[in-house]
file coords.txt (compact mmCIF, C-alpha atoms (C1' of nucleotides))
# COMPACT_ATOMS: atom_id res chain seq x y z
CA MET A 150 -0.85 14.18 -120.62
CA LEU A 151 1.55 16.68 -119.14
CA TYR A 152 -0.17 16.35 -115.78
CA ASN A 153 0.95 12.75 -115.42
CA GLU A 154 4.54 13.83 -115.64
CA ILE A 155 4.05 16.57 -113.12
CA GLU A 156 2.63 14.02 -110.73
CA SER A 157 5.34 11.45 -111.32
CA CYS A 158 8.31 13.79 -110.99
CA ASN A 159 7.03 15.46 -107.82
CA CYS A 160 8.04 18.94 -108.83
CA SER A 161 6.60 21.84 -110.73
CA ILE A 162 7.78 22.29 -114.27
CA ILE A 163 10.21 25.14 -114.50
CA HIS A 164 10.97 25.32 -118.20
CA GLU A 165 7.99 24.02 -120.10
CA ASP A 166 9.26 25.41 -123.41
CA ILE A 167 12.59 23.57 -123.14
CA ILE A 168 10.87 20.31 -122.23
CA GLU A 169 8.63 20.55 -125.27
CA LYS A 170 11.53 21.37 -127.58
CA VAL A 171 13.64 18.51 -126.25
CA ARG A 172 10.71 16.12 -126.36
CA GLU A 173 10.39 16.72 -130.09
CA SER A 174 14.07 15.97 -130.62
CA MET A 175 13.97 12.63 -128.82
CA PRO A 176 14.24 9.53 -131.06
CA PRO A 177 11.63 6.82 -130.61
CA GLU A 178 11.77 5.09 -127.24
CA GLU A 179 12.70 1.84 -128.93
CA SER A 180 15.82 3.20 -130.64
CA LEU A 181 17.21 4.48 -127.37
CA TYR A 182 16.40 1.17 -125.73
CA ASP A 183 18.27 -0.73 -128.44
CA LEU A 184 21.18 1.66 -128.09
CA ALA A 185 21.35 1.02 -124.35
CA GLU A 186 21.24 -2.73 -124.99
CA LEU A 187 24.17 -2.41 -127.38
CA PHE A 188 26.30 -0.47 -124.92
CA LYS A 189 25.35 -2.89 -122.17
CA VAL A 190 27.15 -5.55 -124.20
CA PHE A 191 30.27 -3.38 -124.26
CA GLY A 192 29.93 -2.75 -120.54
CA ASP A 193 31.72 -5.84 -119.27
CA SER A 194 35.48 -6.21 -119.12
CA THR A 195 35.45 -9.86 -120.17
CA ARG A 196 33.52 -9.03 -123.33
CA ILE A 197 35.70 -5.98 -123.95
CA ARG A 198 38.79 -8.18 -123.73
CA ILE A 199 37.25 -10.74 -126.08
CA LEU A 200 36.37 -8.06 -128.60
CA HIS A 201 39.81 -6.53 -128.39
CA ALA A 202 41.44 -9.92 -128.88
CA LEU A 203 39.28 -10.59 -131.92
CA SER A 204 40.22 -7.22 -133.38
CA ALA A 205 43.78 -8.55 -133.52
CA SER A 206 42.99 -12.00 -134.95
CA GLU A 207 40.22 -14.51 -135.40
CA MET A 208 40.35 -17.07 -132.61
CA CYS A 209 38.68 -20.26 -131.47
CA VAL A 210 36.93 -20.53 -128.10
CA CYS A 211 39.76 -22.47 -126.47
CA ASP A 212 42.33 -19.90 -127.55
CA ILE A 213 40.31 -17.06 -126.07
CA ALA A 214 39.85 -18.98 -122.84
CA ALA A 215 43.58 -19.64 -122.62
CA LEU A 216 44.45 -16.03 -123.48
CA LEU A 217 42.17 -14.59 -120.81
CA GLY A 218 42.78 -17.32 -118.22
CA MET A 219 39.09 -18.18 -117.97
CA THR A 220 37.01 -21.31 -118.40
CA GLN A 221 35.76 -22.38 -121.81
CA SER A 222 32.22 -22.23 -120.49
CA ALA A 223 32.47 -18.61 -119.38
CA ILE A 224 33.87 -17.59 -122.77
CA SER A 225 31.21 -19.54 -124.61
CA HIS A 226 28.44 -17.84 -122.66
CA GLN A 227 29.89 -14.43 -123.44
CA LEU A 228 30.38 -15.23 -127.11
CA ARG A 229 26.69 -16.05 -127.20
CA VAL A 230 25.92 -12.54 -125.98
CA LEU A 231 28.28 -11.00 -128.52
CA LYS A 232 26.80 -13.12 -131.31
CA HIS A 233 23.29 -12.06 -130.34
CA ALA A 234 24.34 -8.40 -130.49
CA ARG A 235 25.78 -9.08 -133.97
CA LEU A 236 29.22 -7.95 -132.83
CA VAL A 237 30.99 -11.19 -133.76
CA LYS A 238 30.61 -13.73 -136.52
CA TYR A 239 32.04 -17.23 -136.80
CA ARG A 240 33.07 -19.93 -139.22
CA LYS A 241 33.21 -23.65 -138.56
CA GLU A 242 36.17 -25.86 -139.46
CA GLY A 243 35.60 -29.40 -138.24
CA LYS A 244 35.28 -29.33 -134.47
CA VAL A 245 36.77 -25.89 -134.20
CA ILE A 246 34.76 -22.67 -134.43
CA TYR A 247 36.62 -19.50 -135.29
CA TYR A 248 35.18 -16.22 -134.06
CA SER A 249 35.92 -12.80 -135.51
CA LEU A 250 34.51 -9.27 -135.40
CA ALA A 251 31.29 -8.85 -137.37
CA ASP A 252 32.18 -5.46 -138.82
CA ASP A 253 34.26 -2.35 -138.26
CA HIS A 254 31.78 -0.62 -135.92
CA VAL A 255 33.37 -2.38 -132.98
CA ASN A 256 36.76 -0.84 -133.67
CA GLN A 257 35.24 2.59 -134.15
CA ILE A 258 33.21 2.44 -130.94
CA PHE A 259 36.38 1.25 -129.16
CA ALA A 260 38.36 4.16 -130.50
CA GLN A 261 35.80 6.74 -129.37
CA GLY A 262 35.59 5.16 -125.95
CA LEU A 263 39.33 5.05 -125.44
CA GLU A 264 39.58 8.68 -126.50
CA HIS A 265 37.20 9.64 -123.70
CA VAL A 266 38.86 7.40 -121.12
CA ASN A 267 42.29 8.83 -121.92
CA GLU A 268 40.68 12.27 -121.82
CA MET B 94 53.19 -19.36 -116.83
CA LEU B 95 51.42 -20.81 -119.82
CA TYR B 96 50.60 -23.86 -117.73
CA ASN B 97 48.30 -21.90 -115.45
CA GLU B 98 46.18 -20.92 -118.39
CA ILE B 99 45.96 -24.45 -119.65
CA GLU B 100 44.71 -25.49 -116.24
CA SER B 101 42.19 -22.72 -115.94
CA CYS B 102 40.65 -23.05 -119.38
CA ASN B 103 40.29 -26.83 -119.24
CA CYS B 104 41.38 -27.40 -122.81
CA SER B 105 44.59 -27.94 -124.73
CA ILE B 106 45.95 -24.94 -126.54
CA ILE B 107 45.39 -25.23 -130.24
CA HIS B 108 47.05 -22.14 -131.65
CA GLU B 109 49.84 -21.13 -129.34
CA ASP B 110 51.36 -18.74 -131.90
CA ILE B 111 48.12 -16.78 -132.32
CA ILE B 112 47.64 -16.54 -128.56
CA GLU B 113 51.11 -15.10 -128.12
CA LYS B 114 50.65 -12.62 -130.95
CA VAL B 115 47.28 -11.44 -129.62
CA ARG B 116 48.60 -11.25 -126.08
CA GLU B 117 51.22 -8.76 -127.18
CA SER B 118 48.59 -6.59 -128.86
CA MET B 119 46.38 -6.37 -125.77
CA PRO B 120 46.34 -2.98 -124.00
CA PRO B 121 46.98 -2.94 -120.25
CA GLU B 122 44.29 -4.67 -118.22
CA GLU B 123 43.41 -1.37 -116.58
CA SER B 124 42.61 0.45 -119.82
CA LEU B 125 40.18 -2.23 -120.90
CA TYR B 126 38.60 -2.18 -117.45
CA ASP B 127 38.11 1.58 -117.64
CA LEU B 128 36.67 1.21 -121.11
CA ALA B 129 34.14 -1.34 -119.87
CA GLU B 130 33.22 0.97 -117.00
CA LEU B 131 32.57 3.79 -119.47
CA PHE B 132 30.31 1.68 -121.67
CA LYS B 133 28.52 0.37 -118.59
CA VAL B 134 27.39 3.94 -117.98
CA PHE B 135 25.95 4.08 -121.50
CA GLY B 136 24.29 0.72 -120.96
CA ASP B 137 21.11 1.90 -119.30
CA SER B 138 18.15 3.36 -121.14
CA THR B 139 17.42 5.98 -118.50
CA ARG B 140 20.95 7.33 -118.74
CA ILE B 141 20.85 7.10 -122.53
CA ARG B 142 17.65 9.15 -122.55
CA ILE B 143 19.16 11.71 -120.19
CA LEU B 144 22.26 12.03 -122.34
CA HIS B 145 20.21 12.39 -125.48
CA ALA B 146 18.03 15.03 -123.87
CA LEU B 147 21.10 16.97 -122.79
CA SER B 148 22.52 16.78 -126.30
CA ALA B 149 19.50 18.86 -127.34
CA SER B 150 19.61 21.39 -124.51
CA GLU B 151 20.94 21.99 -121.05
CA MET B 152 18.30 21.11 -118.50
CA CYS B 153 17.63 21.19 -114.77
CA VAL B 154 16.89 18.04 -112.79
CA CYS B 155 13.16 18.72 -112.54
CA ASP B 156 12.86 19.26 -116.28
CA ILE B 157 14.55 15.95 -117.01
CA ALA B 158 12.32 14.17 -114.52
CA ALA B 159 9.23 15.71 -116.11
CA LEU B 160 10.44 14.91 -119.63
CA LEU B 161 11.12 11.26 -118.84
CA GLY B 162 8.17 10.81 -116.49
CA MET B 163 10.38 9.69 -113.62
CA THR B 164 10.97 10.82 -110.05
CA GLN B 165 13.43 13.56 -109.26
CA SER B 166 15.31 11.14 -107.04
CA ALA B 167 15.85 8.59 -109.76
CA ILE B 168 17.17 11.26 -112.13
CA SER B 169 19.42 12.72 -109.48
CA HIS B 170 20.96 9.32 -108.75
CA GLN B 171 21.63 8.77 -112.45
CA LEU B 172 23.09 12.24 -112.92
CA ARG B 173 25.51 11.36 -110.16
CA VAL B 174 26.68 8.37 -112.20
CA LEU B 175 27.00 10.47 -115.35
CA LYS B 176 28.89 13.16 -113.46
CA HIS B 177 31.28 10.60 -112.03
CA ALA B 178 31.97 9.28 -115.54
CA ARG B 179 32.67 12.87 -116.62
CA LEU B 180 29.94 12.68 -119.24
CA VAL B 181 27.97 15.67 -117.94
CA LYS B 182 28.88 18.97 -116.34
CA TYR B 183 26.69 21.46 -114.50
CA ARG B 184 26.32 25.08 -113.54
CA LYS B 185 24.43 26.48 -110.60
CA GLU B 186 21.95 29.33 -110.77
CA GLY B 187 20.35 29.94 -107.40
CA LYS B 188 18.43 26.83 -106.40
CA VAL B 189 18.49 25.45 -109.91
CA ILE B 190 21.30 23.29 -111.29
CA TYR B 191 21.63 23.07 -115.04
CA TYR B 192 23.22 19.94 -116.48
CA SER B 193 24.78 19.65 -119.94
CA LEU B 194 27.07 17.30 -121.85
CA ALA B 195 30.70 17.46 -120.75
CA ASP B 196 32.15 17.24 -124.25
CA ASP B 197 31.49 16.02 -127.76
CA HIS B 198 32.59 12.41 -127.16
CA VAL B 199 29.08 11.56 -126.04
CA ASN B 200 27.58 12.58 -129.37
CA GLN B 201 30.25 10.70 -131.30
CA ILE B 202 29.80 7.51 -129.31
CA PHE B 203 26.04 7.88 -129.76
CA ALA B 204 26.43 8.22 -133.51
CA GLN B 205 28.62 5.11 -133.79
CA GLY B 206 26.21 3.13 -131.68
CA LEU B 207 23.14 4.18 -133.62
CA GLU B 208 24.92 3.30 -136.86
CA HIS B 209 25.38 -0.24 -135.61
CA VAL B 210 21.86 -0.55 -134.22
CA ASN B 211 20.34 0.65 -137.49
CA GLU B 212 22.69 -1.75 -139.26
C1' DT C 183 31.32 -47.92 -132.66
C1' DT C 184 33.99 -45.84 -129.10
C1' DA C 185 37.09 -42.42 -127.08
C1' DA C 186 38.60 -37.88 -127.29
C1' DT C 187 37.78 -33.18 -127.86
C1' DA C 188 35.63 -28.41 -129.10
C1' DC C 189 31.84 -26.08 -128.03
C1' DA C 190 27.02 -25.04 -126.13
C1' DT C 191 23.70 -24.67 -122.53
C1' DG C 192 20.55 -24.94 -118.33
C1' DA C 193 20.35 -24.31 -113.39
C1' DA C 194 22.04 -22.01 -109.45
C1' DC C 195 24.53 -18.73 -106.80
C1' DA C 196 26.72 -14.38 -105.48
C1' DA C 197 27.30 -9.84 -106.83
C1' DT C 198 25.85 -5.66 -108.98
C1' DC C 199 22.40 -2.32 -110.35
C1' DG C 200 18.18 0.86 -110.75
C1' DT C 201 14.48 2.57 -108.40
C1' DT C 202 11.77 3.97 -104.40
C1' DC C 203 11.14 6.00 -100.01
C1' DA C 204 12.38 8.89 -96.45
C1' DT C 205 15.08 12.47 -95.24
C1' DA C 206 18.83 15.92 -95.50
C1' DT C 207 21.08 20.12 -97.57
C1' DG C 208 21.07 24.51 -99.48
C1' DT C 209 18.94 28.55 -101.64
C1' DT C 210 15.18 32.02 -102.25
C1' DC C 211 11.67 34.91 -100.76
C1' DA C 212 8.30 36.73 -97.70
C1' DT D 3 13.49 33.63 -89.23
C1' DG D 4 10.57 30.34 -91.45
C1' DA D 5 8.14 28.36 -95.42
C1' DA D 6 8.76 26.71 -100.02
C1' DC D 7 11.30 24.41 -103.26
C1' DA D 8 15.35 22.30 -106.11
C1' DT D 9 18.48 18.91 -105.48
C1' DA D 10 21.26 15.19 -103.07
C1' DT D 11 21.75 10.98 -100.62
C1' DG D 12 21.52 6.64 -97.64
C1' DA D 13 19.09 2.38 -96.93
C1' DA D 14 16.46 -1.23 -98.80
C1' DC D 15 14.18 -3.87 -102.25
C1' DG D 16 13.62 -6.60 -106.46
C1' DA D 17 15.65 -7.47 -110.80
C1' DT D 18 19.43 -8.41 -113.72
C1' DT D 19 23.98 -10.27 -114.66
C1' DG D 20 28.53 -13.12 -114.83
C1' DT D 21 30.48 -17.19 -113.49
C1' DT D 22 30.63 -22.04 -112.14
C1' DC D 23 29.30 -26.73 -112.40
C1' DA D 24 27.36 -30.47 -114.62
C1' DT D 25 25.94 -32.18 -118.70
C1' DG D 26 24.65 -32.31 -123.66
C1' DT D 27 25.76 -32.08 -128.77
C1' DA D 28 28.64 -32.58 -132.69
C1' DT D 29 32.78 -33.83 -135.00
C1' DT D 30 37.15 -36.41 -135.62
C1' DA D 31 39.97 -40.37 -135.53
C1' DA D 32 41.08 -44.96 -134.11
call {"tool": "encode", "arguments": {"input": "coords.txt", "output": "structure tokens"}}
result
Amino acid sequence: MLYNEIESCNCSIIHEDIIEKVRESMPPEESLYDLAELFKVFGDSTRIRILHALSASEMCVCDIAALLGMTQSAISHQLRVLKHARLVKYRKEGKVIYYSLADDHVNQIFAQGLEHVNE
Amino acid sequence: MLYNEIESCNCSIIHEDIIEKVRESMPPEESLYDLAELFKVFGDSTRIRILHALSASEMCVCDIAALLGMTQSAISHQLRVLKHARLVKYRKEGKVIYYSLADDHVNQIFAQGLEHVNE
DNA sequence: TTAATACATGAACAATCGTTCATATGTTCA
DNA sequence: TGAACATATGAACGATTGTTCATGTATTAA
């Protein structure tokens, strides 16, 4: 099993003990994949701006489009991504659909990120 | 000024008061862009796995490649991205370069993200 | 029922991204 | 000095992504 890795990384293993220790500490592949998928959603400035806007107030699609100076279609596509990641929720009122943040995790992840960016 | 946005979003503004209120609460465009760039770095499962490995122990490039079953080149390219985002630091010891997490923000952002993923 | 409007969505395109491959740099050791 | 090895990097490729455009659905109001 270890031999496969030696072949694929094209170099001899220097610290076998460390690799084994770290390997045991790694969460299941799937968790890390899900985590990457979550951050991928945060990794677009349009979505970041939508999320930040929604942290200030619930808004309908048209309002967000007007605020960000983008088309309704572009916003709608992005809201779909945010909805799928369970970062926003919505309520319907006639023709109008009001979006808001799904929970407080968004604000907390924002805060941590901004702390790093502002060093 | 408001007219441009009406044109670009292709819909009449429904809640002008909310838009104005939210607009005032928005951080500078550049901050949100930087924030998106940061999360973009977290948004790849290879980089997530590297970061998680480094949160357990400092490691050299070959070790990481062996651990993840990937080529040394692929890891090196990704470490470059992580270095540029100031998420990892390194120390040199002869031929070998040991990488480690730059600060504790990584762990905190990880924790917030995992909390959301695990609902 | 019809017109108007808020929102969703599929196809298509350009742009960005992650990996591979080949090769270069820099250090150690004989 | 030269061979071995750890790491870095540029070019190129396929894959993914964000937006636009055109169109579809659903609701309201006349």
call {"tool": "closest_atom_pairs", "arguments": {"input": "coords.txt", "of": "chain C", "to": "chain B", "cutoff": "10 Å", "atoms": "all atoms listed in the file", "output": "Markdown table"}}
result
| residue | atom | partner | partner_atom | distance |
| --- | --- | --- | --- | --- |
| C:DT187 | C1' | B:Cys104 | CA | 8.5 |
| C:DA188 | C1' | B:Cys104 | CA | 8.6 |
| C:DC199 | C1' | B:Asp137 | CA | 10.0 |
| C:DG200 | C1' | B:Ala167 | CA | 8.1 |
| C:DT201 | C1' | B:Ala167 | CA | 6.3 |
| C:DT202 | C1' | B:Ala167 | CA | 8.2 |
| C:DC203 | C1' | B:Ser166 | CA | 9.7 |
| C:DG208 | C1' | B:Lys188 | CA | 7.8 |
| C:DT209 | C1' | B:Lys188 | CA | 5.1 |
| C:DT210 | C1' | B:Lys188 | CA | 7.4 |
call {"tool": "residues_around", "arguments": {"input": "coords.txt", "residues": "DA212 of chain C", "least_positions_apart": "4", "cutoff": "12 Å", "atoms": "only C-alpha atoms (C1' of nucleotides)", "output": "list in words"}}
result
DT3, DG4, DA5 and DA6 of chain D
call {"tool": "interface_residues", "arguments": {"input": "coords.txt", "of": "chain A", "to": "chain B", "cutoff": "7 Å", "atoms": "only C-alpha atoms", "output": "MDAnalysis selection string"}}
result
chainID A and resid 154:155 157:160 162:164 168 171:172 174:175 181:186 188:189 191:194 197:198 202 205:206 211:212 214:216 218:221 254 258 261:263 265:266
call {"tool": "atom_distance", "arguments": {"input": "coords.txt", "atom1": "atom C1' of DG26 of chain D", "atom2": "atom CA of Ile199 of chain A"}}
result
25.1 Å
call {"tool": "interface_residues", "arguments": {"input": "coords.txt", "of": "chain D", "to": "chain B", "cutoff": "8 Å", "atoms": "all atoms listed in the file", "output": "number ranges by chain"}}
result
D: 8-10
call {"tool": "atom_distance", "arguments": {"input": "coords.txt", "atom1": "atom C1' of DA31 of chain D", "atom2": "atom C1' of DT183 of chain C"}}
result
11.8 Å
call {"tool": "closest_atom_pairs", "arguments": {"input": "coords.txt", "of": "chain C", "to": "segment 18-23 of chain D", "cutoff": "12 Å", "atoms": "only C-alpha atoms (C1' of nucleotides)", "output": "Markdown table"}}
result
| residue | atom | partner | partner_atom | distance |
| --- | --- | --- | --- | --- |
| C:DT191 | C1' | D:DC23 | C1' | 11.8 |
| C:DG192 | C1' | D:DC23 | C1' | 10.7 |
| C:DA193 | C1' | D:DC23 | C1' | 9.3 |
| C:DA194 | C1' | D:DT22 | C1' | 9.0 |
| C:DC195 | C1' | D:DT22 | C1' | 8.8 |
| C:DA196 | C1' | D:DT21 | C1' | 9.3 |
| C:DA197 | C1' | D:DT19 | C1' | 8.5 |
| C:DT198 | C1' | D:DT19 | C1' | 7.6 |
| C:DC199 | C1' | D:DT18 | C1' | 7.6 |
| C:DG200 | C1' | D:DT18 | C1' | 9.8 |
call {"tool": "atom_distance", "arguments": {"input": "coords.txt", "atom1": "atom CA of Val230 of chain A", "atom2": "atom CA of Leu200 of chain A"}}
result
11.7 Å
call {"tool": "residues_near_point", "arguments": {"input": "coords.txt", "point": "(25.7, -28.0, -125.7)", "cutoff": "9 Å", "atoms": "all atoms listed in the file", "output": "ChimeraX atom specification"}}
result
/C:189-191 /D:25-28
call {"tool": "axis_aligned_box", "arguments": {"input": "coords.txt", "around": "segment 164-181 of chain B", "padding_each_side": "5 Å", "output": "lines of an AutoDock Vina configuration file"}}
result
center_x = 21.8
center_y = 12.0
center_z = -113.1
size_x = 31.7
size_y = 17.3
size_z = 22.2
